[in-house]
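The file protein.csv comes next; it holds CSV, C-alpha atoms.
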chain,number,residue,atom,x,y,z
A,27,MET,CA,-36.2,-19.2,-20.5
A,28,GLU,CA,-33.4,-21.4,-19.1
A,29,ARG,CA,-31.7,-21.4,-22.5
A,30,LYS,CA,-32.3,-17.7,-23.2
A,31,THR,CA,-29.0,-16.1,-24.2
A,32,VAL,CA,-29.4,-13.0,-22.1
A,33,LEU,CA,-30.3,-15.0,-19.0
A,34,VAL,CA,-27.4,-17.3,-19.4
A,35,ARG,CA,-25.0,-14.4,-20.0
A,36,GLN,CA,-26.2,-12.5,-16.9
A,37,ARG,CA,-25.9,-15.7,-14.8
A,38,THR,CA,-22.4,-16.2,-16.0
A,39,ARG,CA,-21.5,-12.6,-15.0
A,40,VAL,CA,-23.0,-13.0,-11.6
A,41,GLU,CA,-21.0,-16.2,-11.0
A,42,ARG,CA,-17.8,-14.5,-12.1
A,43,ALA,CA,-18.5,-11.4,-9.9
A,44,ARG,CA,-19.1,-13.7,-6.9
A,45,ALA,CA,-15.8,-15.5,-7.5
A,46,TRP,CA,-14.0,-12.1,-7.7
A,47,LEU,CA,-15.7,-11.0,-4.5
A,48,GLU,CA,-14.7,-14.1,-2.7
A,49,ARG,CA,-11.1,-13.7,-3.8
A,50,ALA,CA,-11.1,-10.0,-2.7
A,51,ARG,CA,-12.4,-11.1,0.7
A,52,THR,CA,-9.8,-13.8,1.2
A,53,PRO,CA,-6.8,-12.6,-0.8
A,54,GLN,CA,-4.7,-15.8,-0.7
A,55,PRO,CA,-2.4,-17.0,-3.5
A,56,VAL,CA,-4.3,-19.6,-5.5
A,57,LEU,CA,-2.7,-21.4,-8.5
A,58,SER,CA,-4.7,-21.1,-11.8
A,59,PRO,CA,-4.2,-22.2,-15.4
A,60,ASP,CA,-3.3,-18.6,-16.2
A,61,SER,CA,-0.5,-18.3,-13.6
A,62,ARG,CA,2.9,-17.3,-14.7
A,63,ALA,CA,6.3,-17.4,-12.9
A,64,CYS,CA,9.6,-15.6,-13.5
A,65,LEU,CA,12.2,-18.4,-13.8
A,66,SER,CA,15.1,-16.1,-12.9
A,67,ASP,CA,13.3,-14.8,-9.7
A,68,PRO,CA,10.1,-16.7,-8.8
A,69,ASP,CA,9.6,-14.5,-5.8
A,70,SER,CA,9.1,-11.4,-7.9
A,71,ARG,CA,5.8,-10.1,-9.1
A,72,LEU,CA,4.4,-8.5,-12.3
A,73,ILE,CA,4.1,-4.8,-11.3
A,74,HIS,CA,2.5,-1.9,-13.1
A,75,GLY,CA,5.2,0.4,-14.5
A,76,LYS,CA,5.3,4.0,-13.5
A,77,HIS,CA,5.0,5.1,-17.1
A,78,GLY,CA,2.7,2.4,-18.3
A,79,GLY,CA,3.2,-1.3,-19.1
A,80,TYR,CA,4.5,-3.9,-16.6
A,81,LEU,CA,7.8,-4.8,-15.1
A,82,GLN,CA,9.0,-7.8,-13.1
A,83,GLY,CA,9.8,-6.7,-9.6
A,84,TYR,CA,8.8,-6.1,-6.0
A,85,ASN,CA,6.2,-3.9,-4.3
A,86,ILE,CA,8.3,-2.0,-1.8
A,87,GLN,CA,6.4,-0.3,1.1
A,88,ILE,CA,7.8,2.5,3.3
A,89,ALA,CA,6.5,4.4,6.3
A,90,CYS,CA,7.9,7.8,7.1
A,91,ALA,CA,7.9,10.1,10.1
A,92,ARG,CA,8.7,13.7,9.8
A,93,ARG,CA,11.7,14.7,7.7
A,94,GLN,CA,11.3,11.3,5.9
A,95,LEU,CA,12.9,9.2,8.6
A,96,LEU,CA,11.9,5.6,7.9
A,97,LEU,CA,9.8,3.8,10.5
A,98,ALA,CA,9.6,0.7,8.3
A,99,ILE,CA,10.6,-0.5,4.8
A,100,GLU,CA,9.2,-3.8,3.7
A,101,VAL,CA,8.5,-6.1,0.7
A,102,HIS,CA,4.8,-6.6,0.1
A,103,ASP,CA,3.9,-9.9,-1.6
A,104,ASN,CA,1.2,-8.4,-3.8
A,105,PRO,CA,1.2,-5.9,-6.6
A,106,SER,CA,-1.7,-4.1,-5.0
A,107,ASP,CA,-1.3,-2.0,-1.8
A,108,ARG,CA,-4.8,-2.8,-0.5
A,109,THR,CA,-3.7,-5.7,1.7
A,110,ALA,CA,-0.5,-3.9,2.9
A,111,LEU,CA,-2.0,-1.6,5.4
A,112,VAL,CA,-2.4,-4.0,8.4
A,113,PRO,CA,1.0,-5.6,8.1
A,114,MET,CA,2.7,-2.2,7.6
A,115,VAL,CA,1.0,-0.8,10.7
A,116,SER,CA,2.0,-3.9,12.7
A,117,LYS,CA,5.6,-3.5,11.5
A,118,ILE,CA,5.7,0.2,12.5
A,119,GLN,CA,4.4,-0.6,15.9
A,120,HIS,CA,7.0,-3.5,16.3
A,121,ASN,CA,9.9,-1.2,15.3
A,122,HIS,CA,8.6,1.6,17.5
A,123,ARG,CA,8.7,-0.8,20.5
A,124,ASP,CA,12.1,-2.3,19.6
A,125,ALA,CA,13.6,1.2,19.3
A,126,ASP,CA,12.2,2.1,22.7
A,127,LEU,CA,10.9,5.4,21.4
A,128,SER,CA,9.0,7.5,24.0
A,129,GLY,CA,5.4,8.5,23.4
A,130,GLU,CA,2.7,6.9,21.2
A,131,ILE,CA,2.3,7.3,17.4
A,132,GLN,CA,-0.2,10.1,17.1
A,133,LEU,CA,-1.6,9.4,13.6
A,134,PHE,CA,-1.3,6.9,10.7
A,135,LEU,CA,-1.9,8.3,7.2
A,136,ALA,CA,-2.3,6.4,3.9
A,137,ASP,CA,-3.5,7.1,0.4
A,138,ASN,CA,-6.6,5.6,-1.2
A,139,GLY,CA,-4.6,2.6,-2.6
A,140,TYR,CA,-4.7,1.2,1.0
A,141,ALA,CA,-8.4,1.7,1.5
A,142,SER,CA,-10.1,-1.5,2.7
A,143,ALA,CA,-13.2,-2.1,4.9
A,144,ALA,CA,-11.5,-5.2,6.3
A,145,ALA,CA,-8.4,-3.2,7.2
A,146,PHE,CA,-10.4,-0.4,8.8
A,147,GLU,CA,-12.2,-2.9,11.0
A,148,THR,CA,-8.9,-4.6,12.1
A,149,LEU,CA,-7.3,-1.2,12.9
A,150,ALA,CA,-10.5,0.4,14.4
A,151,ASP,CA,-8.8,1.2,17.7
A,152,LEU,CA,-5.9,3.2,16.1
A,153,PRO,CA,-5.8,6.9,15.0
A,154,LEU,CA,-6.0,6.3,11.2
A,155,LEU,CA,-6.8,8.4,8.2
A,156,VAL,CA,-7.0,6.7,4.8
A,157,SER,CA,-8.4,8.4,1.7
A,158,VAL,CA,-11.4,6.4,0.5
A,159,THR,CA,-12.2,8.4,-2.7
A,160,SER,CA,-9.0,9.7,-4.3
A,161,ASP,CA,-6.2,11.9,-3.2
A,162,ALA,CA,-7.3,14.6,-5.5
A,163,HIS,CA,-10.8,14.7,-4.1
A,164,GLN,CA,-9.5,14.5,-0.6
A,165,ALA,CA,-7.2,17.5,-1.2
A,166,GLY,CA,-10.2,19.5,-2.5
A,167,PHE,CA,-9.7,19.1,-6.3
A,168,PRO,CA,-12.2,17.8,-8.8
A,169,ALA,CA,-12.0,14.0,-9.2
A,170,LYS,CA,-13.9,11.2,-10.9
A,171,ARG,CA,-14.5,9.2,-7.7
A,172,GLN,CA,-16.1,11.2,-5.0
A,173,GLU,CA,-18.2,8.7,-3.2
A,174,ALA,CA,-16.8,6.2,-0.6
A,175,PRO,CA,-17.3,2.5,-1.4
A,176,ALA,CA,-19.6,0.4,0.8
A,177,GLY,CA,-18.1,-0.2,4.3
A,178,GLN,CA,-15.9,2.9,4.2
A,179,GLN,CA,-18.4,5.6,5.0
A,180,ALA,CA,-17.1,6.0,8.6
A,181,MET,CA,-13.6,6.8,7.4
A,182,ALA,CA,-15.1,9.2,4.8
A,183,ALA,CA,-16.9,11.0,7.6
A,184,ARG,CA,-13.7,11.3,9.6
A,185,LEU,CA,-11.9,12.7,6.6
A,186,ALA,CA,-14.6,15.2,5.9
A,187,THR,CA,-14.2,17.0,9.2
A,188,PRO,CA,-12.0,20.2,9.3
A,189,ALA,CA,-9.4,18.4,11.5
A,190,GLY,CA,-9.4,15.3,9.2
A,191,LYS,CA,-8.8,17.4,6.1
A,192,GLU,CA,-6.0,19.3,7.8
A,193,GLN,CA,-4.3,16.2,9.1
A,194,TYR,CA,-4.6,14.3,5.8
A,195,ARG,CA,-2.9,17.1,3.9
A,196,ARG,CA,0.4,16.1,5.7
A,197,ARG,CA,0.5,12.7,4.1
A,198,SER,CA,2.1,13.5,0.8
A,199,ALA,CA,4.7,15.8,2.4
A,200,LEU,CA,5.8,12.9,4.6
A,201,VAL,CA,6.0,9.8,2.4
A,202,GLU,CA,6.3,11.0,-1.2
A,203,PRO,CA,9.6,12.8,-0.7
A,204,GLY,CA,10.8,9.6,1.1
A,205,PHE,CA,10.3,7.6,-2.1
A,206,ALA,CA,11.9,10.3,-4.2
A,207,GLN,CA,15.0,10.5,-1.9
A,208,LEU,CA,15.4,6.7,-2.0
A,209,PHE,CA,15.1,6.6,-5.8
A,210,GLN,CA,17.5,9.5,-6.2
A,211,ARG,CA,20.1,8.1,-3.9
A,212,PHE,CA,19.9,4.4,-4.8
A,213,GLY,CA,17.9,4.2,-8.1
A,214,ARG,CA,14.9,2.0,-8.9
A,215,TYR,CA,16.7,-1.3,-9.5
A,216,LEU,CA,17.7,-3.9,-7.0
A,217,ASN,CA,21.0,-5.9,-7.1
A,218,TYR,CA,19.8,-9.2,-5.7
A,219,ARG,CA,17.1,-11.7,-6.4
A,220,SER,CA,14.8,-13.9,-4.2
A,221,ARG,CA,12.7,-12.6,-1.4
A,222,ASN,CA,15.2,-13.0,1.4
A,223,ALA,CA,18.0,-11.2,-0.5
A,224,VAL,CA,15.7,-8.4,-1.5
A,225,GLU,CA,14.5,-8.0,2.1
A,226,ALA,CA,18.1,-7.7,3.3
A,227,GLU,CA,19.0,-5.3,0.5
A,228,ILE,CA,16.1,-2.8,1.0
A,229,LYS,CA,16.6,-2.8,4.8
A,230,PHE,CA,20.3,-2.1,4.3
A,231,LEU,CA,19.3,0.8,2.0
A,232,GLY,CA,16.8,2.0,4.5
A,233,THR,CA,19.4,2.0,7.2
A,234,VAL,CA,21.8,4.0,5.1
A,235,HIS,CA,18.9,6.5,4.4
A,236,ASN,CA,18.2,6.9,8.1
A,237,LEU,CA,21.8,7.2,9.1
A,238,ASN,CA,22.2,10.0,6.5
A,239,LYS,CA,19.2,11.8,8.0
A,240,LEU,CA,20.7,11.5,11.5
A,241,PHE,CA,24.2,12.6,10.4
A,242,THR,CA,23.0,15.7,8.5
A,243,HIS,CA,20.3,16.7,11.0
A,244,LYS,CA,20.7,20.3,12.3
A,245,PRO,CA,18.7,21.0,15.4
Please re-express this file's structure in structure tokens.
Amino acid sequence: MERKTVLVRQRTRVERARAWLERARTPQPVLSPDSRACLSDPDSRLIHGKHGGYLQGYNIQIACARRQLLLAIEVHDNPSDRTALVPMVSKIQHNHRDADLSGEIQLFLADNGYASAAAFETLADLPLLVSVTSDAHQAGFPAKRQEAPAGQQAMAARLATPAGKEQYRRRSALVEPGFAQLFQRFGRYLNYRSRNAVEAEIKFLGTVHNLNKLFTHKP
């Protein structure tokens, strides 16, 4: 039995799945024989292209208030958005305090790419709605994934309420036009390389974006 092909194959799969699970629970950069680096910009990452394939670039995160005023614009050091929720929320709160804005932030909204049981536990004391199935299903359209993963049922229950559905529908109208306006105004390509230079460039672009919003605002 110990040498049985099916048993050996299944044990190998279990070991591989456990290794993936451990990496998902502790997402820290670990060198491997398959690692690759871009020699012209080692800080960049291999990112999924919008129309398929891959490109060498940066995962830029933004957080928008009403009328696409940016509360934060950051570089996330991972092609996946899943580990970006906690640092982005922390940055929003930091900027909110530094700007000495009155009142508290009433609600944080994010799409299913940010769904993570660990993030939900960390941010449990905040008003937060994150899609845990898919944006299509959350908006009431047919979708392949309609069940919340393990550890995310509480968020799914919050989203399933009439208030949760109504509040979550505001997400796409807040942030998606923000990306579109940035891309239309500045394009999709950066002028500088290295993490520090890219951070400075995107914050400069975000500042110009916000100033334009303030100058053209009509009460």
Problem set entry | Polymer residues at most 7 Å from stretch 82-96 of chain A, all atoms listed in the file, same-chain spacing of 3 or more positions, as a ChimeraX atom specification | /A:70-73,99-105,200-201,203-204,232,236,239
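Between A:Arg51 and the residues A:Ser116, A:Thr109, A:Asn238, A:Gln132, the shortest atom-to-atom distance, using all atoms listed in the file, involves A:Thr109.
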Using only C-alpha atoms, can you list as a PDB file with C-alpha atoms, in the coordinates of the input the residues within 10 Å of (-14.0, 4.8, -2.5)?
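Wrote selection07.pdb, looks like this:
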ATOM      1  CA  ASN A 138      -6.600   5.600  -1.200  1.00  0.00           C
ATOM      2  CA  GLY A 139      -4.600   2.600  -2.600  1.00  0.00           C
ATOM      3  CA  ALA A 141      -8.400   1.700   1.500  1.00  0.00           C
ATOM      4  CA  SER A 142     -10.100  -1.500   2.700  1.00  0.00           C
ATOM      5  CA  SER A 157      -8.400   8.400   1.700  1.00  0.00           C
ATOM      6  CA  VAL A 158     -11.400   6.400   0.500  1.00  0.00           C
ATOM      7  CA  THR A 159     -12.200   8.400  -2.700  1.00  0.00           C
ATOM      8  CA  SER A 160      -9.000   9.700  -4.300  1.00  0.00           C
ATOM      9  CA  ARG A 171     -14.500   9.200  -7.700  1.00  0.00           C
ATOM     10  CA  GLN A 172     -16.100  11.200  -5.000  1.00  0.00           C
ATOM     11  CA  GLU A 173     -18.200   8.700  -3.200  1.00  0.00           C
ATOM     12  CA  ALA A 174     -16.800   6.200  -0.600  1.00  0.00           C
ATOM     13  CA  PRO A 175     -17.300   2.500  -1.400  1.00  0.00           C
ATOM     14  CA  ALA A 176     -19.600   0.400   0.800  1.00  0.00           C
ATOM     15  CA  GLY A 177     -18.100  -0.200   4.300  1.00  0.00           C
ATOM     16  CA  GLN A 178     -15.900   2.900   4.200  1.00  0.00           C
ATOM     17  CA  GLN A 179     -18.400   5.600   5.000  1.00  0.00           C
ATOM     18  CA  ALA A 182     -15.100   9.200   4.800  1.00  0.00           C
TER      19      ALA A 182
END
Exercise. Which of these, A:Arg184, A:Lys76, A:Arg62, A:His235, has the shortest distance to A:Gln210 once you count all atoms listed in the file?
Worked result: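 Closest residue, counting all atoms listed in the file: A:His235.
Note that atom CA of A:Ser66 and atom CA of A:Tyr218 are 11.0 Å apart.
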Seminar exercise, completed: Separating atom CA of A:Leu81 from atom CA of A:Ala136, to the nearest tenth of an Å, is a gap of 24.3 Å
Problem set entry | Nearest residue to A:Leu231 from the set A:Ala144, A:Ala98, A:Ala183, A:Asp60 (distances using all atoms listed in the file) | A:Ala98
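Between atom CA of A:Leu154 and atom CA of A:Leu133 lies a distance of 5.9 Å.
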For this session: Please provide the set of residues having any atom within 12 Å of A:Leu155, restricted to only C-alpha atoms, with same-chain residues fewer than 6 positions apart removed, written as a ChimeraX atom specification.
Result: /A:111,132-138,140-142,145-146,149,161,164,178,180-187,189-197
Final N, CA and C atoms of stretch 131-160 of chain A as a compact mmCIF listing (two decimals), keeping the file's coordinate frame:
# COMPACT_ATOMS: atom_id res chain seq x y z
N ILE A 131 2.49 6.76 18.79
CA ILE A 131 2.30 7.30 17.40
C ILE A 131 0.95 8.00 17.40
N GLN A 132 0.96 9.27 17.02
CA GLN A 132 -0.20 10.10 17.10
C GLN A 132 -1.23 9.85 15.99
N LEU A 133 -0.74 9.47 14.79
CA LEU A 133 -1.60 9.40 13.60
C LEU A 133 -0.98 8.54 12.53
N PHE A 134 -1.78 7.67 11.89
CA PHE A 134 -1.30 6.90 10.70
C PHE A 134 -2.07 7.49 9.50
N LEU A 135 -1.34 7.77 8.42
CA LEU A 135 -1.90 8.30 7.20
C LEU A 135 -1.57 7.44 6.02
N ALA A 136 -2.54 7.22 5.12
CA ALA A 136 -2.30 6.40 3.90
C ALA A 136 -3.19 6.87 2.80
N ASP A 137 -2.74 6.65 1.55
CA ASP A 137 -3.50 7.10 0.40
C ASP A 137 -4.62 6.07 0.07
N ASN A 138 -5.42 6.37 -0.96
CA ASN A 138 -6.60 5.60 -1.20
C ASN A 138 -6.27 4.16 -1.77
N GLY A 139 -5.02 3.92 -2.17
CA GLY A 139 -4.60 2.60 -2.60
C GLY A 139 -4.69 1.57 -1.47
N TYR A 140 -4.68 2.04 -0.22
CA TYR A 140 -4.70 1.20 1.00
C TYR A 140 -6.10 1.01 1.54
N ALA A 141 -7.09 1.68 0.96
CA ALA A 141 -8.40 1.70 1.50
C ALA A 141 -9.06 0.29 1.45
N SER A 142 -9.52 -0.21 2.58
CA SER A 142 -10.10 -1.50 2.70
C SER A 142 -11.01 -1.59 3.90
N ALA A 143 -12.26 -1.97 3.72
CA ALA A 143 -13.20 -2.10 4.90
C ALA A 143 -12.65 -3.07 5.88
N ALA A 144 -12.07 -4.16 5.42
CA ALA A 144 -11.50 -5.20 6.30
C ALA A 144 -10.38 -4.61 7.16
N ALA A 145 -9.49 -3.84 6.50
CA ALA A 145 -8.40 -3.20 7.20
C ALA A 145 -8.86 -2.22 8.23
N PHE A 146 -9.86 -1.42 7.86
CA PHE A 146 -10.40 -0.40 8.80
C PHE A 146 -10.99 -1.08 10.02
N GLU A 147 -11.63 -2.23 9.82
CA GLU A 147 -12.20 -2.90 11.00
C GLU A 147 -11.10 -3.49 11.88
N THR A 148 -10.04 -4.02 11.28
CA THR A 148 -8.90 -4.60 12.10
C THR A 148 -8.22 -3.48 12.86
N LEU A 149 -8.10 -2.28 12.27
CA LEU A 149 -7.30 -1.20 12.90
C LEU A 149 -8.27 -0.13 13.52
N ALA A 150 -9.46 -0.55 13.88
CA ALA A 150 -10.50 0.40 14.40
C ALA A 150 -10.05 1.16 15.61
N ASP A 151 -9.16 0.59 16.43
CA ASP A 151 -8.80 1.20 17.70
C ASP A 151 -7.59 2.18 17.53
N LEU A 152 -7.10 2.37 16.29
CA LEU A 152 -5.90 3.20 16.10
C LEU A 152 -6.35 4.56 15.43
N PRO A 153 -5.58 5.63 15.67
CA PRO A 153 -5.80 6.90 15.00
C PRO A 153 -5.37 6.78 13.53
N LEU A 154 -6.30 6.60 12.61
CA LEU A 154 -6.00 6.30 11.20
C LEU A 154 -6.82 7.11 10.28
N LEU A 155 -6.16 7.66 9.26
CA LEU A 155 -6.80 8.40 8.20
C LEU A 155 -6.36 7.84 6.85
N VAL A 156 -7.29 7.29 6.08
CA VAL A 156 -7.00 6.70 4.80
C VAL A 156 -7.97 7.30 3.77
N SER A 157 -7.51 7.87 2.68
CA SER A 157 -8.40 8.40 1.70
C SER A 157 -9.24 7.26 1.07
N VAL A 158 -10.55 7.46 0.99
CA VAL A 158 -11.40 6.40 0.50
C VAL A 158 -12.03 6.78 -0.88
N THR A 159 -11.75 7.96 -1.38
CA THR A 159 -12.20 8.40 -2.70
C THR A 159 -11.00 8.45 -3.63
N SER A 160 -10.32 9.56 -3.60
CA SER A 160 -9.00 9.70 -4.30
C SER A 160 -8.29 10.84 -3.64
